[in-house]
file protein_25.txt (compact mmCIF, C-alpha atoms)
# COMPACT_ATOMS: atom_id res chain seq x y z
CA MET A 1 11.33 12.33 56.30
CA ALA A 2 8.43 10.73 54.43
CA LYS A 3 4.91 11.57 55.51
CA GLN A 4 3.14 8.98 57.62
CA TYR A 5 -0.38 7.91 56.79
CA LYS A 6 -2.85 5.87 58.78
CA VAL A 7 -6.21 4.26 58.08
CA VAL A 8 -8.99 5.51 60.34
CA HIS A 9 -12.14 3.44 60.87
CA CYS A 10 -15.07 5.24 62.43
CA LYS A 11 -18.77 5.90 62.07
CA VAL A 12 -19.73 9.27 60.63
CA ASN A 13 -23.38 10.28 60.61
CA GLY A 14 -24.39 6.65 61.03
CA LYS A 15 -22.21 5.29 58.22
CA GLU A 16 -19.11 3.15 58.72
CA ILE A 17 -16.15 4.77 57.02
CA GLU A 18 -12.54 3.86 56.37
CA GLN A 19 -10.29 6.76 55.48
CA VAL A 20 -6.57 7.13 54.88
CA VAL A 21 -5.28 10.29 56.56
CA ASP A 22 -2.00 12.07 57.08
CA VAL A 23 -1.28 11.45 60.77
CA ARG A 24 -1.12 15.22 61.37
CA SER A 25 -4.56 15.91 59.88
CA SER A 26 -7.17 17.38 62.12
CA LEU A 27 -10.61 15.84 62.24
CA THR A 28 -11.91 19.05 60.61
CA ASP A 29 -9.65 18.39 57.62
CA MET A 30 -10.78 14.80 57.30
CA LEU A 31 -14.47 15.66 57.56
CA ARG A 32 -14.28 18.61 55.15
CA ASN A 33 -11.68 17.55 52.62
CA ASP A 34 -12.11 13.79 52.49
CA LEU A 35 -15.76 13.30 53.41
CA HIS A 36 -16.99 16.66 52.02
CA LEU A 37 -18.95 17.45 55.17
CA THR A 38 -18.57 21.19 54.79
CA SER A 39 -20.91 22.14 57.61
CA VAL A 40 -17.81 21.68 59.80
CA LYS A 41 -16.35 25.18 59.60
CA LYS A 42 -12.74 26.22 59.94
CA GLY A 43 -12.76 29.31 62.12
CA CYS A 44 -9.94 29.92 64.55
CA GLU A 45 -8.26 26.48 64.37
CA VAL A 46 -7.24 26.77 68.03
CA GLY A 47 -10.45 25.61 69.68
CA GLU A 48 -11.82 28.99 70.62
CA CYS A 49 -14.64 29.82 68.21
CA GLY A 50 -16.58 26.53 68.25
CA ALA A 51 -17.42 26.67 64.52
CA CYS A 52 -15.91 23.21 63.97
CA THR A 53 -17.86 21.51 66.78
CA VAL A 54 -18.89 17.91 66.12
CA ILE A 55 -20.34 15.29 68.42
CA ILE A 56 -18.00 12.42 69.22
CA ASN A 57 -19.48 9.55 71.21
CA GLY A 58 -22.26 11.83 72.42
CA GLU A 59 -20.14 14.81 73.52
CA GLY A 60 -19.19 18.03 71.77
CA PHE A 61 -15.58 18.50 70.67
CA ASN A 62 -13.66 21.10 68.71
CA SER A 63 -12.65 19.04 65.69
CA CYS A 64 -9.94 21.53 64.65
CA ILE A 65 -7.71 20.57 67.60
CA TYR A 66 -8.66 16.89 67.45
CA LEU A 67 -6.42 14.71 65.33
CA ALA A 68 -8.24 12.58 62.75
CA VAL A 69 -6.40 9.47 63.97
CA TRP A 70 -7.92 9.93 67.41
CA ALA A 71 -11.33 9.25 65.82
CA GLU A 72 -10.49 5.55 65.40
CA GLY A 73 -13.51 3.51 66.55
CA LYS A 74 -15.54 6.61 67.43
CA GLU A 75 -19.06 7.63 66.42
CA ILE A 76 -19.15 11.12 64.96
CA TRP A 77 -22.09 13.33 64.08
CA THR A 78 -22.03 16.50 62.02
CA LEU A 79 -24.85 18.81 60.98
CA GLU A 80 -25.41 16.81 57.78
CA GLY A 81 -26.31 13.80 59.91
CA ILE A 82 -29.12 15.36 61.88
CA THR A 83 -31.34 16.28 58.94
CA GLY A 84 -33.98 13.84 57.68
CA PRO A 85 -33.38 11.48 54.71
CA ASN A 86 -34.90 13.97 52.26
CA GLY A 87 -33.22 16.98 53.75
CA GLU A 88 -35.98 17.80 56.25
CA LEU A 89 -34.78 20.03 59.02
CA SER A 90 -34.59 18.63 62.53
CA ASP A 91 -36.50 20.40 65.30
CA ILE A 92 -33.42 22.27 66.53
CA GLN A 93 -32.56 23.45 63.01
CA GLN A 94 -36.15 24.57 62.45
CA ALA A 95 -36.07 26.47 65.74
CA PHE A 96 -32.97 28.37 64.59
CA VAL A 97 -34.89 29.37 61.45
CA ASP A 98 -38.06 30.28 63.33
CA GLU A 99 -36.27 32.37 65.93
CA GLY A 100 -34.03 34.18 63.44
CA ALA A 101 -31.00 32.69 65.14
CA ILE A 102 -28.93 33.00 61.99
CA GLN A 103 -27.24 35.92 60.35
CA CYS A 104 -24.11 35.14 58.33
CA GLY A 105 -24.45 31.48 59.29
CA PHE A 106 -20.78 30.66 59.86
CA CYS A 107 -21.16 29.78 63.54
CA THR A 108 -24.52 28.07 63.05
CA PRO A 109 -23.45 24.44 62.41
CA GLY A 110 -21.27 24.44 65.53
CA PHE A 111 -24.00 26.04 67.63
CA ILE A 112 -26.55 23.54 66.37
CA MET A 113 -24.33 20.55 67.18
CA THR A 114 -23.86 21.70 70.77
CA SER A 115 -27.58 22.48 70.96
CA TRP A 116 -28.36 19.01 69.60
CA GLU A 117 -26.28 17.49 72.39
CA ILE A 118 -28.17 19.62 74.91
CA VAL A 119 -31.66 18.75 73.67
CA ASN A 120 -30.74 15.07 73.29
CA SER A 121 -29.59 14.91 76.90
CA GLY A 122 -33.23 14.77 78.05
CA ARG A 123 -32.62 17.06 80.99
CA GLU A 124 -33.93 20.53 81.65
CA TYR A 125 -31.13 23.06 81.86
CA THR A 126 -31.58 26.30 83.78
CA ASP A 127 -31.06 29.53 81.82
CA ASP A 128 -27.66 29.94 83.44
CA GLU A 129 -26.62 26.37 82.59
CA LEU A 130 -27.80 26.83 79.00
CA ARG A 131 -25.77 30.00 78.57
CA LYS A 132 -22.71 28.26 80.00
CA ALA A 133 -23.22 25.21 77.80
CA LEU A 134 -23.33 27.46 74.73
CA SER A 135 -20.38 29.60 75.76
CA GLY A 136 -17.88 27.60 73.71
CA HIS A 137 -19.17 29.31 70.58
CA LEU A 138 -18.55 32.76 69.22
CA CYS A 139 -21.11 34.56 67.04
CA ARG A 140 -19.73 37.79 65.57
CA CYS A 141 -23.15 38.81 64.28
CA THR A 142 -24.19 39.12 67.96
CA GLY A 143 -27.16 36.85 67.63
CA TYR A 144 -26.83 35.19 71.02
CA GLU A 145 -30.31 35.98 72.36
CA ASN A 146 -32.05 34.44 69.36
CA ILE A 147 -29.82 31.37 69.53
CA PHE A 148 -30.46 30.99 73.24
CA ARG A 149 -34.22 31.25 72.65
CA ALA A 150 -34.13 28.64 69.88
CA VAL A 151 -32.29 26.16 72.09
CA LYS A 152 -34.43 26.81 75.13
CA LYS A 153 -37.70 26.43 73.23
CA THR A 154 -36.56 23.19 71.59
CA MET A 155 -35.37 21.81 74.92
CA LEU A 156 -38.75 22.57 76.51
CA ARG A 157 -40.67 21.08 73.59
CA ARG A 158 -38.61 17.90 73.72
CA LEU A 159 -39.50 17.65 77.40
CA GLY A 160 -43.20 17.94 76.54
CA LYS A 161 -43.45 21.49 77.88
CA ASP A 162 -44.92 23.10 74.78
CA LYS A 163 -46.90 25.65 76.77
CA GLU A 164 -43.79 26.81 78.61
CA ALA A 165 -41.92 27.04 75.32
CA GLU A 166 -44.54 29.50 74.09
CA MET A 167 -44.00 31.62 77.21
CA VAL A 168 -40.32 32.25 76.39
CA ASN A 169 -40.07 35.96 75.60
CA SER A 170 -37.72 37.74 73.19
CA GLN A 171 -34.99 37.90 75.85
CA GLY A 172 -35.24 34.14 76.37
CA ILE A 173 -36.92 34.48 79.77
CA THR A 174 -39.93 32.31 80.55
CA GLU A 175 -42.81 34.65 81.38
CA TYR A 176 -45.41 32.86 83.45
CA PRO A 177 -48.88 34.42 83.48
CA GLU A 178 -49.90 36.39 86.57
CA PRO A 179 -51.72 34.11 89.02
CA MET A 180 -55.46 34.78 89.35
CA PRO A 181 -56.17 36.89 92.44
CA PHE A 182 -58.17 35.24 95.20
CA LYS A 183 -61.72 36.55 95.54
CA MET B 184 8.50 19.04 60.40
CA ALA B 185 6.43 16.53 62.36
CA ASN B 186 5.72 13.57 60.11
CA LYS B 187 5.55 10.65 62.49
CA LEU B 188 2.90 9.79 65.03
CA LEU B 189 3.20 7.25 67.81
CA MET B 190 0.00 6.19 69.55
CA ALA B 191 1.51 5.12 72.86
CA LYS B 192 -0.34 2.41 74.74
CA THR B 193 1.47 2.75 78.06
CA PRO B 194 3.16 5.65 79.88
CA GLU B 195 6.44 3.72 79.69
CA GLU B 196 6.18 3.48 75.91
CA ALA B 197 5.41 7.20 75.65
CA ALA B 198 8.19 8.28 78.01
CA GLY B 199 10.67 5.91 76.33
CA ALA B 200 9.95 7.35 72.89
CA LYS B 201 10.58 10.93 73.95
CA THR B 202 13.55 12.52 72.26
CA LEU B 203 14.60 16.15 71.82
CA THR B 204 12.60 16.34 68.60
CA ALA B 205 9.49 14.51 69.80
CA VAL B 206 6.51 16.12 71.53
CA PHE B 207 3.72 14.70 73.64
CA LEU B 208 0.13 15.30 72.52
CA ALA B 209 -2.34 15.23 75.39
CA GLY B 210 -5.96 16.41 75.05
CA GLY B 211 -6.07 18.62 71.99
CA THR B 212 -3.39 19.84 69.67
CA GLU B 213 -2.38 23.04 67.98
CA VAL B 214 -0.05 21.18 65.64
CA ASN B 215 -2.08 22.37 62.67
CA ARG B 216 -2.32 25.98 63.77
CA LEU B 217 -0.75 28.47 61.39
CA GLY B 218 2.69 29.36 62.76
CA SER B 219 2.69 26.51 65.25
CA ASP B 220 6.15 25.90 66.74
CA ILE B 221 5.41 22.19 67.11
CA ALA B 222 4.92 21.69 63.38
CA GLU B 223 8.23 23.41 62.66
CA THR B 224 10.49 21.91 65.30
CA ALA B 225 9.19 18.45 66.16
CA ASP B 226 9.59 15.39 63.97
CA THR B 227 7.57 12.95 66.06
CA LEU B 228 4.24 13.33 67.80
CA ILE B 229 3.59 11.01 70.75
CA SER B 230 -0.14 10.77 71.35
CA LEU B 231 -1.15 9.97 74.93
CA LYS B 232 -4.86 9.55 74.10
CA LYS B 233 -4.80 5.74 74.27
CA CYS B 234 -2.28 5.52 77.09
CA ALA B 235 -3.58 3.30 79.86
CA GLY B 236 -3.27 4.36 83.48
CA LEU B 237 -3.14 8.14 83.05
CA SER B 238 -6.75 8.89 83.93
CA GLY B 239 -8.87 8.66 87.05
CA ILE B 240 -9.31 10.73 90.19
CA SER B 241 -8.83 9.12 93.60
CA GLU B 242 -8.80 10.40 97.14
CA ASP B 243 -6.31 9.63 99.87
CA THR B 244 -6.17 11.09 103.36
CA GLY B 245 -6.07 14.82 102.78
CA TYR B 246 -4.96 14.48 99.16
CA THR B 247 -6.52 13.93 95.77
CA GLU B 248 -4.57 12.14 93.05
CA ILE B 249 -5.48 13.13 89.53
CA GLY B 250 -4.31 11.28 86.41
CA SER B 251 -2.56 13.64 84.01
CA MET B 252 -4.94 12.79 81.16
CA CYS B 253 -8.03 13.82 83.13
CA THR B 254 -9.83 16.46 81.13
CA PHE B 255 -11.02 19.77 82.55
CA GLN B 256 -14.56 18.44 82.20
CA ASP B 257 -13.59 15.35 84.23
CA LEU B 258 -12.35 17.71 86.94
CA VAL B 259 -15.55 19.72 86.85
CA GLU B 260 -17.80 16.65 87.01
CA ALA B 261 -15.93 14.52 89.58
CA ASP B 262 -17.14 14.66 93.18
CA LYS B 263 -13.60 14.10 94.42
CA THR B 264 -12.16 17.21 92.76
CA PRO B 265 -11.53 19.95 95.34
CA GLY B 266 -13.76 23.01 94.85
CA TRP B 267 -10.84 25.39 94.22
CA LEU B 268 -9.62 23.22 91.35
CA LYS B 269 -13.11 22.99 89.84
CA GLU B 270 -13.27 26.77 89.93
CA ALA B 271 -9.94 27.06 88.10
CA ALA B 272 -11.01 24.45 85.52
CA LEU B 273 -14.20 26.41 84.88
CA PHE B 274 -12.13 29.42 83.84
CA MET B 275 -12.06 27.54 80.54
CA ALA B 276 -15.52 28.62 79.48
CA SER B 277 -15.92 26.35 76.48
CA ARG B 278 -17.29 22.94 77.37
CA THR B 279 -16.16 21.50 74.04
CA LYS B 280 -12.63 22.61 74.89
CA ARG B 281 -12.97 21.32 78.46
CA ASN B 282 -13.83 17.93 76.93
CA MET B 283 -10.36 17.89 75.39
CA ALA B 284 -7.92 19.90 77.50
CA THR B 285 -6.15 17.88 80.18
CA ILE B 286 -4.60 18.83 83.50
CA GLY B 287 -1.24 17.37 82.46
CA GLY B 288 -1.32 19.21 79.15
CA ASN B 289 -2.07 22.51 80.81
CA ILE B 290 0.83 22.08 83.21
CA ALA B 291 3.28 20.94 80.54
CA ALA B 292 2.39 23.81 78.22
CA ALA B 293 3.16 26.21 81.10
CA ARG B 294 1.66 29.11 79.21
CA ASP B 295 1.62 32.65 80.51
CA ASP B 296 -2.18 32.50 80.47
CA SER B 297 -2.36 29.08 82.12
CA TYR B 298 -5.73 28.19 83.60
CA LEU B 299 -4.49 25.85 86.32
CA ILE B 300 -0.86 26.57 87.20
CA PRO B 301 -1.51 29.58 89.48
CA ALA B 302 -4.02 27.58 91.54
CA LEU B 303 -1.88 24.43 91.60
CA SER B 304 1.17 26.48 92.62
CA ALA B 305 -0.71 28.26 95.39
CA ALA B 306 -1.87 24.83 96.59
CA ALA B 307 1.72 23.53 96.47
CA ALA B 308 0.61 20.63 94.26
CA VAL B 309 3.02 17.80 93.59
CA ILE B 310 3.42 16.16 90.20
CA GLU B 311 4.64 12.71 89.34
CA LEU B 312 6.97 12.50 86.35
CA MET B 313 8.21 9.56 84.34
CA GLY B 314 11.61 9.56 82.66
CA SER B 315 12.63 7.70 79.52
CA ASP B 316 13.84 4.80 81.71
CA GLY B 317 10.27 4.34 83.00
CA LYS B 318 11.18 5.41 86.53
CA THR B 319 8.94 7.91 88.27
CA LYS B 320 9.76 10.72 90.65
CA ARG B 321 7.77 13.41 92.36
CA THR B 322 8.42 17.13 92.44
CA GLY B 323 6.59 20.27 93.45
CA ILE B 324 4.80 22.10 90.67
CA ARG B 325 6.76 25.26 91.50
CA GLU B 326 10.04 23.43 90.88
CA TYR B 327 8.61 21.92 87.68
CA THR B 328 7.66 25.28 86.22
CA ASP B 329 11.10 26.64 87.12
CA GLY B 330 12.48 24.18 84.54
CA GLY B 331 14.92 21.32 84.39
CA PHE B 332 12.39 18.54 83.74
CA ASP B 333 12.29 18.68 79.93
CA GLY B 334 11.29 15.47 78.27
CA MET B 335 9.65 13.92 81.30
CA LEU B 336 6.08 12.72 81.09
CA ILE B 337 3.61 13.99 83.68
CA THR B 338 1.69 10.99 84.95
CA LYS B 339 -0.11 12.27 88.03
CA VAL B 340 -0.98 15.46 89.89
CA ILE B 341 -1.40 15.31 93.65
CA VAL B 342 -3.30 18.16 95.29
CA PRO B 343 -4.35 18.87 98.86
CA SER B 344 -8.10 18.27 99.26
CA ASN B 345 -8.77 20.75 102.01
CA ILE B 346 -7.05 24.04 101.48
CA LYS B 347 -8.34 27.57 101.57
CA LEU B 348 -7.65 28.85 98.07
CA VAL B 349 -9.18 31.56 95.92
CA SER B 350 -8.55 32.52 92.29
CA LYS B 351 -9.36 35.24 89.78
CA ARG B 352 -8.93 35.47 86.03
CA TYR B 353 -9.24 38.49 83.74
CA SER B 354 -9.76 38.36 79.99
CA ASN B 355 -11.68 40.43 77.45
CA THR B 356 -14.12 37.59 76.81
CA ALA B 357 -14.60 34.17 78.34
CA GLN B 358 -12.77 32.74 75.31
CA SER B 359 -9.87 35.21 75.20
CA HIS B 360 -6.36 34.77 76.50
CA ALA B 361 -6.22 36.07 80.04
CA VAL B 362 -4.11 39.08 80.92
CA LEU B 363 -3.91 37.84 84.51
CA THR B 364 -4.80 34.66 86.36
CA MET B 365 -4.01 34.80 90.05
CA SER B 366 -4.48 32.44 92.98
CA ALA B 367 -3.81 32.71 96.70
CA SER B 368 -3.98 30.18 99.49
CA LEU B 369 -3.81 30.52 103.23
CA THR B 370 -2.04 27.80 105.21
CA GLU B 371 -0.26 27.52 108.57
CA ASP B 372 2.87 28.84 106.82
CA GLY B 373 1.09 31.99 105.73
CA ILE B 374 -0.30 33.26 102.47
CA HIS B 375 0.88 31.93 99.08
CA MET B 376 0.32 33.97 95.90
CA HIS B 377 0.99 32.83 92.36
CA GLY B 378 -0.06 34.13 89.00
CA ALA B 379 0.18 33.92 85.24
CA VAL B 380 0.67 37.30 83.60
CA LYS B 381 0.41 37.59 79.83
CA ASN B 382 3.82 38.18 78.29
CA ALA B 383 5.48 38.18 81.71
CA GLY B 384 5.14 34.49 82.55
CA LEU B 385 4.34 32.42 85.60
CA LEU B 386 5.08 34.45 88.70
CA HIS B 387 5.46 33.87 92.42
CA PHE B 388 4.59 37.04 94.30
CA CYS B 389 7.01 36.61 97.22
CA ASP B 390 7.10 40.29 98.24
CA LEU B 391 3.33 40.47 98.40
CA GLU B 392 3.19 37.26 100.46
CA LYS B 393 5.71 38.74 102.88
CA ARG B 394 3.84 42.03 103.20
CA PHE B 395 0.44 40.36 103.74
CA SER B 396 1.99 38.05 106.34
CA GLU B 397 3.54 41.01 108.19
CA GLU B 398 0.35 43.02 108.15
CA PRO B 399 -2.80 41.16 107.04
CA SER B 400 -4.87 44.34 106.89
CA VAL B 401 -2.38 46.39 104.89
CA SER B 402 -4.06 49.15 102.87
CA GLU B 403 -4.95 48.73 99.20
CA GLN B 404 -3.09 51.92 98.29
CA GLU B 405 0.12 50.62 99.83
CA ILE B 406 -0.16 47.42 97.79
CA ILE B 407 -0.85 49.42 94.60
CA ASP B 408 2.23 51.61 95.27
CA MET B 409 4.34 48.58 96.10
CA VAL B 410 3.52 46.74 92.87
CA ARG B 411 3.78 49.91 90.76
CA THR B 412 7.37 50.48 91.86
CA CYS B 413 8.45 46.83 92.03
CA THR B 414 11.62 46.43 89.96
CA GLY B 415 11.55 42.63 89.89
CA LEU B 416 8.29 42.55 87.93
CA GLU B 417 8.84 42.48 84.17
CA THR B 418 5.50 43.37 82.69
CA ALA B 419 5.42 45.04 79.29
CA ASP B 420 3.09 47.24 77.26
CA ASP B 421 1.31 45.06 74.74
CA MET B 422 -2.10 44.42 73.18
CA PHE B 423 -3.33 42.93 76.45
CA GLY B 424 -2.70 46.15 78.35
CA SER B 425 -0.07 48.59 79.46
CA ASP B 426 2.63 47.83 82.02
CA ALA B 427 0.86 50.19 84.44
CA TYR B 428 -2.50 48.46 83.89
CA LYS B 429 -1.07 44.99 84.54
CA ARG B 430 0.67 46.16 87.71
CA TYR B 431 -2.52 47.81 88.96
CA LEU B 432 -4.51 44.65 88.21
CA ILE B 433 -2.01 42.46 90.08
CA ALA B 434 -2.11 44.80 93.08
CA VAL B 435 -5.88 45.12 93.44
CA THR B 436 -6.36 41.40 92.81
CA ALA B 437 -3.76 40.48 95.43
CA TYR B 438 -5.50 42.81 97.86
CA ASP B 439 -8.92 41.28 97.11
CA LEU B 440 -7.70 37.69 97.34
CA ASN B 441 -6.03 38.40 100.68
CA ARG B 442 -9.27 39.85 102.03
CA GLN B 443 -11.31 36.92 100.70
CA LEU B 444 -9.00 34.42 102.34
CA ARG B 445 -9.30 36.22 105.65
CA GLY B 446 -13.07 36.19 105.43
CA LYS B 447 -13.64 39.80 104.47
CA GLU B 448 -15.63 40.97 101.50
CA ALA B 449 -13.48 41.68 98.46

call {"tool": "encode", "arguments": {"input": "protein_25.txt", "output": "structure tokens"}}
result
Amino acid sequence: MAKQYKVVHCKVNGKEIEQVVDVRSSLTDMLRNDLHLTSVKKGCEVGECGACTVIINGEGFNSCIYLAVWAEGKEIWTLEGITGPNGELSDIQQAFVDEGAIQCGFCTPGFIMTSWEIVNSGREYTDDELRKALSGHLCRCTGYENIFRAVKKTMLRRLGKDKEAEMVNSQGITEYPEPMPFK
Amino acid sequence: MANKLLMAKTPEEAAGAKTLTAVFLAGGTEVNRLGSDIAETADTLISLKKCAGLSGISEDTGYTEIGSMCTFQDLVEADKTPGWLKEAALFMASRTKRNMATIGGNIAAARDDSYLIPALSAAAAVIELMGSDGKTKRTGIREYTDGGFDGMLITKVIVPSNIKLVSKRYSNTAQSHAVLTMSASLTEDGIHMHGAVKNAGLLHFCDLEKRFSEEPSVSEQEIIDMVRTCTGLETADDMFGSDAYKRYLIAVTAYDLNRQLRGKEA
């Protein structure tokens, strides 16, 4: 039986694209092989590691188990799309650098995309909610604490809570100063 | 090898296109996974993503009707979803995966590490199926998982809204395949216990139900001994654990769930 191809129209990182794909192709394949967006990593290919996470219409998805043809009419963002026009890092990327939230770097694009969704949501997550929101990603270099701290600090800064962001300790816990004793 | 894709627009179109060599694609797909059976055996993929009328959660007197294409995240976020079903949906730790995985897909896959089937079975959920002629019929989820409904499209899942049901799931990490997922409910008919045991399948623990109904405060040791020597249980030694470990886990979990349902600390 001959292979079947289909034309997919969607918006990737703000640009309208039209791409012919094999109907069995995953979105990961289309983004990496056809559009050369190699920040989208191929890890487990069964939706467990989160390395292929992209944002589709504002929500995080595992692109490895998402068929490219399902992207018809959708708006997709990858890591390449969140940097500035001259390659400047976004605040969440810079936070990953500042907090040492990177070791081998393979899980990083996926983590950043989920983090980007979190910080763009405009709401303040509790520590527990943040950990749960990030739990779709596996980091084999065991850098979870640093990643958590980077996301939490960026979230607080986006909410205008710069002082609180500075109070986040190495374990990611916000340490409020001791109240002044009454005299 | 799957070469053809049909983007069905209606459930009737999807159900009508189903043949022995066609497969339905619900939320996500493992068609591209190395060693995937689907890629080898199916020639047509029927995508349900754009199918109208398979989503939405509505409440009726005492029951909640859930469209088969509702994602796990839809279940978690909807006010109408019963708490016990939200709990089972949250066993899928990854939110990105919850954004894709659907209730219908999880039932149809009927995996031995299913997230939802133990809870839905313990709740005696009913599913609505559509045949290739477009006609629908309803059946209990327990009958569905026993087989005989191949090729039918799941369109709806109907669950009781108010039922006392508790669940537990064990896996090495939140992302790993579970060695055991077990649920128990307590109704006027007694206790109902169902589970998914890795490499043993979807199980109905009838003997345990009977024993807990006879003596609600039966000792933990008796349950452990009972499951250890049970000949009807076909658990095997594998990378998920030994036969003895799986039996022990089933026994202590059954004991805990029974206590939880009867309002005692596990």

call {"tool": "residues_around", "arguments": {"input": "protein_25.txt", "residues": "stretch 195-200 of chain B", "least_positions_apart": "6", "cutoff": "7 Å", "atoms": "all atoms listed in the file", "output": "compact mmCIF listing (two decimals) with C-alpha atoms, in the coordinates of the input"}}
result
# COMPACT_ATOMS: atom_id res chain seq x y z
CA ILE B 229 3.59 11.01 70.75
CA MET B 313 8.21 9.56 84.34
CA GLY B 314 11.61 9.56 82.66
CA SER B 315 12.63 7.70 79.52
CA ASP B 316 13.84 4.80 81.71
CA GLY B 317 10.27 4.34 83.00
CA MET B 335 9.65 13.92 81.30
CA LEU B 336 6.08 12.72 81.09

call {"tool": "interface_residues", "arguments": {"input": "protein_25.txt", "of": "chain B", "to": "chain A", "cutoff": "8 Å", "atoms": "all atoms listed in the file", "output": "list in words"}}
result
Ala185, Asn186, Lys187, Leu188, Gly211, Thr212, Glu213, Val214, Asn215, Arg216, Lys232, Ala276, Ser277, Arg278, Thr279, Lys280, Asn282, Met283, Ala357, Gln358 and Ser359 of chain B

call {"tool": "atom_distance", "arguments": {"input": "protein_25.txt", "atom1": "atom CA of A:Gly110", "atom2": "atom CA of A:Cys52"}}
result
5.7 Å

call {"tool": "atom_distance", "arguments": {"input": "protein_25.txt", "atom1": "atom CA of B:Glu397", "atom2": "atom CA of B:Ala379"}}
result
24.3 Å

call {"tool": "closest_residue", "arguments": {"input": "protein_25.txt", "among": "A:Trp116, A:Val151, A:Leu35, A:Pro181", "to": "A:Glu129", "atoms": "only C-alpha atoms"}}
result
A:Val151

call {"tool": "residues_around", "arguments": {"input": "protein_25.txt", "residues": "B:Val401", "least_positions_apart": "5", "cutoff": "10 Å", "atoms": "all atoms listed in the file", "output": "number ranges by chain"}}
result
B: 394-396, 406, 438, 441-442

call {"tool": "atom_distance", "arguments": {"input": "protein_25.txt", "atom1": "atom CA of A:Leu27", "atom2": "atom CA of A:Thr78"}}
result
11.4 Å

call {"tool": "residues_near_point", "arguments": {"input": "protein_25.txt", "point": "(2.9, 28.2, 80.3)", "cutoff": "12 Å", "atoms": "only C-alpha atoms", "output": "PyMOL selection string"}}
result
chain B and resi 287-301+327-330+360+364+378-386

call {"tool": "residues_around", "arguments": {"input": "protein_25.txt", "residues": "B:His387", "least_positions_apart": "2", "cutoff": "7 Å", "atoms": "all atoms listed in the file", "output": "ChimeraX atom specification"}}
result
/B:376-378,389

call {"tool": "axis_aligned_box", "arguments": {"input": "protein_25.txt", "around": "stretch 372-391 of chain B", "padding_each_side": "4 Å", "output": "JSON"}}
result
{"center_x": 3.4, "center_y": 34.7, "center_z": 92.6, "size_x": 15.4, "size_y": 19.6, "size_z": 36.5}

call {"tool": "closest_residue", "arguments": {"input": "protein_25.txt", "among": "A:Arg149, A:Lys42, A:Lys11, A:Arg131", "to": "A:Gln171", "atoms": "only C-alpha atoms"}}
result
A:Arg149

call {"tool": "residues_around", "arguments": {"input": "protein_25.txt", "residues": "stretch 91-102 of chain A", "least_positions_apart": "3", "cutoff": "7 Å", "atoms": "all atoms listed in the file", "output": "JSON, numbers by chain"}}
result
{"A": [105, 108, 112, 116, 143, 146, 147, 150, 151, 154]}
